[in-house]
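**Q** Input coords.cif, format and content: mmCIF, C-alpha atoms.
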data_protein
loop_
_atom_site.label_atom_id
_atom_site.label_comp_id
_atom_site.auth_asym_id
_atom_site.auth_seq_id
_atom_site.Cartn_x
_atom_site.Cartn_y
_atom_site.Cartn_z
CA MET A 1 -1.73 -15.84 12.31
CA LYS A 2 -4.54 -13.32 12.13
CA ILE A 3 -4.45 -10.55 9.57
CA PHE A 4 -3.99 -6.88 10.49
CA GLN A 5 -2.25 -7.63 13.78
CA PRO A 6 0.57 -5.17 14.64
CA GLN A 7 2.87 -7.96 15.81
CA ASN A 8 2.78 -9.58 12.35
CA ASN A 9 5.39 -7.14 11.08
CA SER A 10 8.05 -8.45 13.46
CA ALA A 11 7.35 -12.19 13.43
CA SER A 12 10.64 -12.84 11.62
CA PRO A 13 13.35 -10.96 9.71
CA GLU A 14 11.49 -11.81 6.49
CA HIS A 15 8.30 -10.28 7.91
CA GLU A 16 10.23 -7.13 8.78
CA ARG A 17 11.62 -6.96 5.24
CA ILE A 18 8.14 -7.41 3.72
CA TYR A 19 6.74 -4.76 6.07
CA ALA A 20 9.44 -2.26 5.07
CA ILE A 21 8.88 -2.82 1.34
CA TYR A 22 5.11 -2.35 1.58
CA GLU A 23 5.53 0.65 3.88
CA VAL A 24 7.75 2.38 1.29
CA TRP A 25 5.16 1.72 -1.43
CA TYR A 26 2.32 2.88 0.83
CA THR A 27 4.11 6.13 1.65
CA THR A 28 5.01 6.69 -2.01
CA VAL A 29 1.38 6.25 -3.10
CA ASP A 30 0.21 8.49 -0.25
CA PHE A 31 2.66 11.24 -1.25
CA LEU A 32 1.70 10.90 -4.93
CA ALA A 33 -2.02 11.14 -4.16
CA ALA A 34 -1.54 14.22 -1.98
CA SER A 35 0.64 15.86 -4.65
CA LEU A 36 -1.91 15.18 -7.39
CA PHE A 37 -4.71 16.65 -5.29
CA LEU A 38 -2.64 19.72 -4.40
CA VAL A 39 -1.64 20.43 -8.02
CA GLY A 40 -5.19 19.69 -9.20
CA SER A 41 -6.60 22.09 -6.62
CA VAL A 42 -4.34 24.91 -7.79
CA MET A 43 -5.23 24.18 -11.43
CA PHE A 44 -8.92 24.74 -10.63
CA PHE A 45 -8.21 28.46 -10.21
CA TRP A 46 -8.14 28.81 -14.01
CA SER A 47 -10.93 27.62 -16.26
CA SER A 48 -8.43 26.68 -18.98
CA THR A 49 -6.87 23.99 -16.73
CA GLN A 50 -10.02 22.53 -15.16
CA MET A 51 -10.04 19.42 -17.37
CA PRO A 52 -6.45 18.39 -16.51
CA ALA A 53 -7.21 19.24 -12.87
CA THR A 54 -10.17 16.87 -12.95
CA TRP A 55 -7.92 14.11 -14.32
CA LEU A 56 -5.40 14.74 -11.54
CA PHE A 57 -8.23 14.33 -9.01
CA VAL A 58 -9.29 11.05 -10.64
CA ILE A 59 -5.73 9.71 -10.63
CA GLY A 60 -5.25 10.91 -7.03
CA SER A 61 -8.45 9.10 -6.06
CA LEU A 62 -7.12 5.91 -7.64
CA CYS A 63 -3.96 6.32 -5.56
CA PHE A 64 -6.04 6.66 -2.40
CA ALA A 65 -7.89 3.46 -3.39
CA LEU A 66 -4.55 1.72 -3.88
CA LYS A 67 -3.49 2.36 -0.26
CA PRO A 68 -5.81 -0.18 1.43
CA THR A 69 -5.08 -2.57 -1.43
CA LEU A 70 -1.38 -2.44 -0.54
CA ARG A 71 -2.15 -3.10 3.12
CA LEU A 72 -4.31 -6.10 2.21
CA MET A 73 -1.62 -7.45 -0.13
CA ARG A 74 0.94 -7.20 2.67
CA GLU A 75 -1.28 -9.11 5.07
CA LEU A 76 -2.00 -11.80 2.49
CA THR A 77 1.74 -12.12 1.92
CA TYR A 78 2.16 -12.69 5.67
CA LEU A 79 -0.50 -15.40 5.55
CA ARG A 80 1.23 -17.14 2.66
CA MET A 81 4.53 -16.96 4.54
CA LYS A 82 2.92 -18.59 7.57
CA LYS A 83 1.64 -21.45 5.45
CA TYR A 84 5.11 -21.99 3.99
CA ALA A 85 6.58 -22.05 7.49
CA VAL A 86 4.04 -24.69 8.57
CA LEU A 87 4.80 -26.79 5.50
CA ALA A 88 8.53 -26.53 6.18
CA ARG A 89 8.04 -27.73 9.78
CA HIS A 90 6.07 -30.74 8.54
CA GLU A 91 8.87 -31.60 6.11
CA GLN A 92 11.41 -31.75 8.92
CA TYR A 93 9.69 -34.76 10.52
#
Once you've parsed the file, please lay out its structure as structure tokens.
**A**
Amino acid sequence: MKIFQPQNNSASPEHERIYAIYEVWYTTVDFLAASLFLVGSVMFFWSSTQMPATWLFVIGSLCFALKPTLRLMRELTYLRMKKYAVLARHEQY
């Protein structure tokens, strides 16, 4: 199994479950990052809120960095699942 292949998400019911879980987390992080940037942008209109706005941008940036991390974690989970499936087939013989 190669990583980052679209067909990986439907290789088995377990793969579909893993895909759904990671997709929910990915969307949640994406929504959170966008919200932080939007609120931070509005806060930059007033000099008294520029410091908290900067922190919202930093936290939003961390969220954007988390997105590819989640995708990589999902693919590595698929790889581990494949190895378990191979080991289980060997045990049957």
**Q** For Val39 of chain A, list every protein, DNA or RNA residue within 12 Å, evaluated using all atoms listed in the file, and leave out those in the same chain fewer than 2 positions away; present the list as a ChimeraX atom specification.
**A** /A:32-37,41-45,49-50,52-57,59-60
**Q** List as a PyMOL selection string the protein and nucleic acid residues near Glu75 of chain A, meaning an atom at most 9 Å away when all atoms listed in the file are counted, but skip any in the same chain fewer than 4 places from it.
**A** chain A and resi 2-5+8+70-71+79-80
**Q** Return the single residue from A:Val58, A:Lys67, A:Pro13, A:Met51 that is closest to Thr28 of chain A, with distances computed using all atoms listed in the file.
**A** A:Lys67
**Q** Go ahead and compute the interatomic distance for atom CA of Tyr22 of chain A and atom CA of Thr69 of chain A, in Å to one decimal.
**A**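 These two atoms are separated by 10.6 Å.
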**Q** Considering only C-alpha atoms, state which residue in the set A:Met81, A:Val29, A:Leu38, A:Leu76 is at the smallest distance from Leu62 of chain A.
**A**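 Going through A:Met81, A:Val29, A:Leu38, A:Leu76 one by one, the smallest distance to Leu62 of chain A is for A:Val29.
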**Q** Smallest atom-to-atom distance to Trp25 of chain A: which of A:Ala11, A:Trp46, A:Pro68, A:Thr77, using only C-alpha atoms?
**A**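 Closest to Trp25 of chain A, using only C-alpha atoms: A:Pro68.
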**Q** What is the atom CA of Glu14 of chain A to atom CA of Lys82 of chain A distance in Å?
**A**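 So the answer is 11.0 Å.
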**Q** Could you check the closest approach to Ser12 of chain A for each of A:Tyr78, A:Phe31, A:Tyr26, A:Phe64 and tell me which residue wins, using all atoms listed in the file?
**A**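 With all atoms listed in the file as the atom set, the closest residue is A:Tyr78.
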**Q** Box for segment 62-73 of chain A - axis-aligned, 4 Å on each of the six sides, all listed atoms - centre and size in Å to one decimal, as lines of an AutoDock Vina configuration file.
**A**
center_x = -4.6
center_y = -0.4
center_z = -2.3
size_x = 14.5
size_y = 22.1
size_z = 18.8
**Q** Please indicate the distance in Å from atom CA of Ile18 of chain A to atom CA of Asp30 of chain A, rounded to one decimal place.
**A** 18.2 Å
